[in-house]
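What follows is a set of notes on a single structure, which appears directly below.
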Amino acid sequence: VAGEITSAFCMTEPAPGAGADPSNLRTRATRVDGGYVIDGHKWYSTGGGDAGFLIVMARTSDDARRGATLFVVDRHAEGVEHVRDIGTMGEPLLAHREAEMRFHGVRVTDDAVLGAEGDGFALAQRRLVPARLTHCMRWLGLASRTLEMCKAYVTTRESFGQVLARHQMIQKKIADAASAIHAGNLMTFHCAWMLEQGHAKEARPYSSMAKNHVARLLCSVLDDAIQMHGSLGYSEDLPFASWYRHARAARIADGPDEVHDIVVARDFLLGKLELLV
Ligand SMILES: Cc1cc2nc3c(=O)[nH]c(=O)nc-3n(C[C@H](O)[C@H](O)[C@H](O)COP(=O)(O)OP(=O)(O)OC[C@H]3O[C@@H](n4cnc5c(N)ncnc54)[C@H](O)[C@@H]3O)c2cc1C
């Protein structure tokens, strides 16, 4: 609460471990007297290098649904190795980098377990649904600011005898961006409303739908912003290039597009997703 320490979430592993499919989880927590011993390899743990503590997902059994457990691990505990910060396409936000971490026989006591043994997959989902919406809120803010900057440019810059905003192909880009941002706001608002009503489980496919829609629109709005600003848009004089590099991760982090599409299609086909019509 005082903002003195940060945490990192360690789920993703290098192949053949957990990634788009968390059931590939390889990091293991072995039961010992009074606690567990954790061995494994994680990467892309945002802020892992400078975190005060890590939330580590590890396998505690081979049960398909209850095989994973979340552990709170002191970042500086014996056996926790910060291998490196991984260089990525985008600049780090708030100085947090994507860390590669190894766990060499890390000893934790029973009270390091979040919830109960076997709750790992369910707790991760419970955490990820609201987390997705806060991503959407930030990305919508960024897309909205980008569109305002486009408005300022296309209403003042002239080509072929008129301001850019009078060319219909420019109007199409503006209309697409405005409609996508508006739809993204509605999806995010609706899903947040479901969470507020206590429908966390039912909200899951809507959070996937919102996350995919907003991640894609952010990339396309930034791509069009670069186009509408010409070479200025491609330059480092404006922030679009940096924002675009950052935005591209949105379609991978917290589950790639394809995995969220699978959730939306599956729940729609099972009749678990009602469209607002
Ligand atoms: C900036 C950033 C921050 C991140 N922060 C964290 C973090 O803090 N903690 C953490 O644990 N992880 C984090 N991640 C990791 C992220 O959650 C994973 O990268 C993501 O879940 C995909 O896993 P993977 O990279 O192993 O892809 P893989 O599992 O190797 O999949 C590769 C690609 O295959 C395709 N694919 C996979 N399954 C299917 C399918 N069923 N159908 C069709 N196509 C499919 C997708 O295109 C996918 O991108 C972060 C990633 C990034 C980029």
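Naming works like this for the structure tokens: A, B, ... for the chains as they're shown, residue 1 at the start of each chain, ligands 1 onward in shown order.
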
Compile a residue-level contact table for chain A against ligand 1 at a cut-off of 6 Å, reporting for every qualifying residue the shortest atom pair and its distance in Å to one decimal, with only C-alpha atoms and all ligand atoms counted, rows ordered by chain and ascending number, as a Markdown table.
| residue | atom | partner | partner_atom_place_in_ligand_line | distance |
| --- | --- | --- | --- | --- |
| A:Phe9 | CA | ligand 1 | 9 (N) | 4.7 |
| A:Cys10 | CA | ligand 1 | 11 (O) | 4.2 |
| A:Met11 | CA | ligand 1 | 11 (O) | 3.4 |
| A:Thr12 | CA | ligand 1 | 11 (O) | 3.9 |
| A:Gly19 | CA | ligand 1 | 26 (O) | 3.2 |
| A:Ala20 | CA | ligand 1 | 29 (O) | 3.7 |
| A:Asp21 | CA | ligand 1 | 29 (O) | 5.8 |
| A:Tyr44 | CA | ligand 1 | 13 (C) | 4.6 |
| A:Ser45 | CA | ligand 1 | 8 (O) | 3.9 |
| A:Thr46 | CA | ligand 1 | 8 (O) | 3.9 |
| A:Ala249 | CA | ligand 1 | 53 (C) | 4.7 |
| A:Ile252 | CA | ligand 1 | 20 (C) | 5.4 |
| A:Ala253 | CA | ligand 1 | 51 (C) | 3.9 |
| A:Asp254 | CA | ligand 1 | 17 (O) | 4.1 |
| A:Gly255 | CA | ligand 1 | 21 (O) | 3.9 |
| A:Pro256 | CA | ligand 1 | 49 (O) | 4.9 |
| A:Glu258 | CA | ligand 1 | 43 (C) | 4.9 |
| A:Val259 | CA | ligand 1 | 41 (N) | 5.7 |

Mind listing the strand (DSSP E or B) residues of range 95-195 of chain A, per DSSP on the backbone, as a ChimeraX atom specification?
/A:96,98-109,113-114,158-159,162-163

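When only C-alpha atoms are used to compute distances to Asn24 in chain A, the closest of the residues A:Val277, A:Ile174, A:Val80, A:Phe121 turns out to be A:Phe121.
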
Check which residues of range 62-105 of chain A sit at most 7 Å from range 27-40 of chain A using only C-alpha atoms, and return one row each with the closest pair of atoms and their distance in Å to one decimal, ordered by chain and rising number, as a Markdown table.
| residue | atom | partner | partner_atom | distance |
| --- | --- | --- | --- | --- |
| A:Arg102 | CA | A:Gly40 | CA | 5.9 |
| A:Phe103 | CA | A:Asp39 | CA | 4.9 |
| A:His104 | CA | A:Asp39 | CA | 5.1 |
| A:Gly105 | CA | A:Asp39 | CA | 5.1 |

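Residues within 12 Å of Gln227 in chain A, counting only C-alpha atoms and excluding same-chain residues fewer than 6 positions away, are A:Cys150, A:Tyr153, A:Val154, A:Leu164, A:Met169, A:Ile170, A:Lys173, A:Ile174, A:Ser220, A:Val221, A:Gly233, A:Tyr234, A:Ser235, A:Phe240, A:Ala241.
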
May I have all residues of range 35-172 of chain A that DSSP, computed from the backbone, assigns to alpha helix (DSSP H), given as a PyMOL selection string?
chain A and resi 120-154+168-172

Counting only C-alpha atoms, what are the residues of range 124-162 of chain A within 9 Å of range 201-215 of chain A, and for each of them which pair of atoms is the nearest and at what distance in Å, to one decimal? Sort the table by chain and rising number, as JSON lines.
{"residue": "A:Gln125", "atom": "CA", "partner": "A:Arg204", "partner_atom": "CA", "distance": 8.3}
{"residue": "A:Arg126", "atom": "CA", "partner": "A:Lys201", "partner_atom": "CA", "distance": 8.1}
{"residue": "A:Val129", "atom": "CA", "partner": "A:Ser207", "partner_atom": "CA", "distance": 6.0}
{"residue": "A:Pro130", "atom": "CA", "partner": "A:Ser207", "partner_atom": "CA", "distance": 7.9}
{"residue": "A:Arg132", "atom": "CA", "partner": "A:Lys211", "partner_atom": "CA", "distance": 6.2}
{"residue": "A:Leu133", "atom": "CA", "partner": "A:Ser207", "partner_atom": "CA", "distance": 6.7}
{"residue": "A:His135", "atom": "CA", "partner": "A:Lys211", "partner_atom": "CA", "distance": 7.7}
{"residue": "A:Cys136", "atom": "CA", "partner": "A:Val214", "partner_atom": "CA", "distance": 6.0}
{"residue": "A:Met137", "atom": "CA", "partner": "A:Val214", "partner_atom": "CA", "distance": 8.9}
{"residue": "A:Trp139", "atom": "CA", "partner": "A:Val214", "partner_atom": "CA", "distance": 6.9}
{"residue": "A:Leu140", "atom": "CA", "partner": "A:Val214", "partner_atom": "CA", "distance": 6.8}
{"residue": "A:Ala143", "atom": "CA", "partner": "A:Val214", "partner_atom": "CA", "distance": 9.0}

Go ahead and write the selection's residues with all heavy atoms as a short mmCIF file (atom, residue, chain, number, x, y, z; two decimals), in the first residue's frame.
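Written output follows (out_7.cif):
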data_model
loop_
_atom_site.label_atom_id
_atom_site.label_comp_id
_atom_site.auth_asym_id
_atom_site.auth_seq_id
_atom_site.Cartn_x
_atom_site.Cartn_y
_atom_site.Cartn_z
N GLN A 125 -7.05 -17.40 -13.02
CA GLN A 125 -8.17 -16.89 -13.82
C GLN A 125 -8.86 -15.75 -13.11
O GLN A 125 -9.21 -14.74 -13.70
CB GLN A 125 -9.18 -18.00 -14.12
CG GLN A 125 -8.85 -18.81 -15.35
CD GLN A 125 -8.49 -17.93 -16.56
OE1 GLN A 125 -9.12 -16.89 -16.80
NE2 GLN A 125 -7.48 -18.32 -17.29
N ARG A 126 -9.05 -15.93 -11.78
CA ARG A 126 -9.75 -14.89 -11.02
C ARG A 126 -8.97 -13.58 -11.06
O ARG A 126 -9.52 -12.50 -11.12
CB ARG A 126 -9.95 -15.35 -9.57
CG ARG A 126 -11.13 -14.62 -8.95
CD ARG A 126 -11.35 -14.96 -7.50
NE ARG A 126 -11.54 -16.35 -7.21
CZ ARG A 126 -11.49 -16.84 -5.96
NH1 ARG A 126 -11.25 -16.04 -4.95
NH2 ARG A 126 -11.68 -18.10 -5.73
N VAL A 129 -9.00 -11.92 -15.01
CA VAL A 129 -10.17 -11.25 -15.60
C VAL A 129 -10.16 -9.75 -15.30
O VAL A 129 -10.17 -8.93 -16.24
CB VAL A 129 -11.49 -11.94 -15.18
CG1 VAL A 129 -12.69 -11.11 -15.58
CG2 VAL A 129 -11.58 -13.33 -15.82
N PRO A 130 -10.10 -9.32 -14.02
CA PRO A 130 -10.03 -7.86 -13.79
C PRO A 130 -8.75 -7.24 -14.33
O PRO A 130 -8.76 -6.09 -14.80
CB PRO A 130 -10.11 -7.72 -12.26
CG PRO A 130 -9.95 -9.07 -11.69
CD PRO A 130 -10.22 -10.08 -12.76
N ARG A 132 -7.22 -7.96 -17.05
CA ARG A 132 -7.45 -7.72 -18.48
C ARG A 132 -8.18 -6.40 -18.69
O ARG A 132 -7.90 -5.65 -19.62
CB ARG A 132 -8.35 -8.83 -19.02
CG ARG A 132 -7.65 -9.77 -19.94
CD ARG A 132 -8.50 -10.99 -20.17
NE ARG A 132 -7.74 -12.15 -19.81
CZ ARG A 132 -8.22 -13.28 -19.35
NH1 ARG A 132 -9.52 -13.44 -19.17
NH2 ARG A 132 -7.42 -14.26 -19.04
N LEU A 133 -9.15 -6.13 -17.82
CA LEU A 133 -9.92 -4.90 -17.99
C LEU A 133 -9.08 -3.66 -17.71
O LEU A 133 -9.25 -2.63 -18.37
CB LEU A 133 -11.15 -4.89 -17.07
CG LEU A 133 -12.22 -5.93 -17.39
CD1 LEU A 133 -13.48 -5.65 -16.60
CD2 LEU A 133 -12.56 -5.99 -18.87
N HIS A 135 -5.93 -3.48 -18.33
CA HIS A 135 -5.15 -3.32 -19.57
C HIS A 135 -6.01 -2.56 -20.59
O HIS A 135 -5.56 -1.60 -21.21
CB HIS A 135 -4.82 -4.66 -20.22
CG HIS A 135 -3.76 -5.46 -19.50
ND1 HIS A 135 -2.65 -4.90 -18.94
CD2 HIS A 135 -3.67 -6.80 -19.29
CE1 HIS A 135 -1.91 -5.86 -18.40
NE2 HIS A 135 -2.51 -7.02 -18.60
N CYS A 136 -7.27 -3.01 -20.74
CA CYS A 136 -8.16 -2.40 -21.75
C CYS A 136 -8.31 -0.90 -21.48
O CYS A 136 -8.28 -0.09 -22.40
CB CYS A 136 -9.53 -3.05 -21.73
SG CYS A 136 -9.54 -4.70 -22.43
N MET A 137 -8.47 -0.54 -20.20
CA MET A 137 -8.67 0.88 -19.87
C MET A 137 -7.46 1.71 -20.28
O MET A 137 -7.59 2.78 -20.86
CB MET A 137 -8.96 1.03 -18.37
CG MET A 137 -10.30 0.45 -17.96
SD MET A 137 -10.42 0.38 -16.16
CE MET A 137 -11.67 -0.89 -15.97
N TRP A 139 -5.19 0.89 -22.56
CA TRP A 139 -5.03 0.86 -24.02
C TRP A 139 -6.06 1.76 -24.69
O TRP A 139 -5.75 2.41 -25.70
CB TRP A 139 -5.16 -0.58 -24.53
CG TRP A 139 -4.09 -1.51 -24.02
CD1 TRP A 139 -2.85 -1.15 -23.55
CD2 TRP A 139 -4.14 -2.94 -23.94
NE1 TRP A 139 -2.15 -2.26 -23.17
CE2 TRP A 139 -2.91 -3.38 -23.40
CE3 TRP A 139 -5.11 -3.89 -24.26
CZ2 TRP A 139 -2.62 -4.72 -23.18
CZ3 TRP A 139 -4.82 -5.23 -24.05
CH2 TRP A 139 -3.60 -5.64 -23.52
N LEU A 140 -7.27 1.80 -24.13
CA LEU A 140 -8.29 2.69 -24.71
C LEU A 140 -7.88 4.15 -24.53
O LEU A 140 -8.09 4.98 -25.42
CB LEU A 140 -9.66 2.43 -24.06
CG LEU A 140 -10.34 1.14 -24.54
CD1 LEU A 140 -11.44 0.71 -23.57
CD2 LEU A 140 -10.92 1.33 -25.95
N ALA A 143 -5.30 4.82 -27.18
CA ALA A 143 -5.91 4.90 -28.52
C ALA A 143 -6.67 6.22 -28.68
O ALA A 143 -6.62 6.88 -29.73
CB ALA A 143 -6.85 3.71 -28.74
#

Within 12 Å of Arg65 in chain A, counting only C-alpha atoms, which residues show up once you throw out same-chain ones fewer than 6 positions away? Write them as an MDAnalysis selection string, please.
chainID A and resid 22:23 59 117:123

Distance in Å - CA of Arg84 in chain A versus CA of Glu98 in chain A
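Calculated distance between CA of Arg84 in chain A and CA of Glu98 in chain A is 8.6 Å.
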
Go ahead and compute the interatomic distance for CA of Ile5 in chain A and CA of Val72 in chain A, in Å to one decimal.
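Those two atoms sit 13.8 Å apart.
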
Which residues come within 12 Å of Ala175 in chain A, counting only C-alpha atoms, excluding same-chain residues fewer than 4 positions away, as a list of chain:residue names?
A:Leu147, A:Cys150, A:Lys151, A:Ala165, A:Gln168, A:Met169, A:Ile170, A:Gln171, A:Ser179, A:Ala180, A:Ile181, A:His182, A:Val221, A:Asp224

One decimal, in Å: what's the spacing between CA of Ile55 in chain A and CA of Arg251 in chain A?
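Pair CA of Ile55 in chain A / CA of Arg251 in chain A returns 23.0 Å.
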
For Leu275 in chain A, which residue among A:Val73, A:Val163, A:Met187, A:Met89 is the nearest when counting only C-alpha atoms?
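Between A:Val73, A:Val163, A:Met187, A:Met89, the residue approaching Leu275 in chain A most closely is A:Met187.
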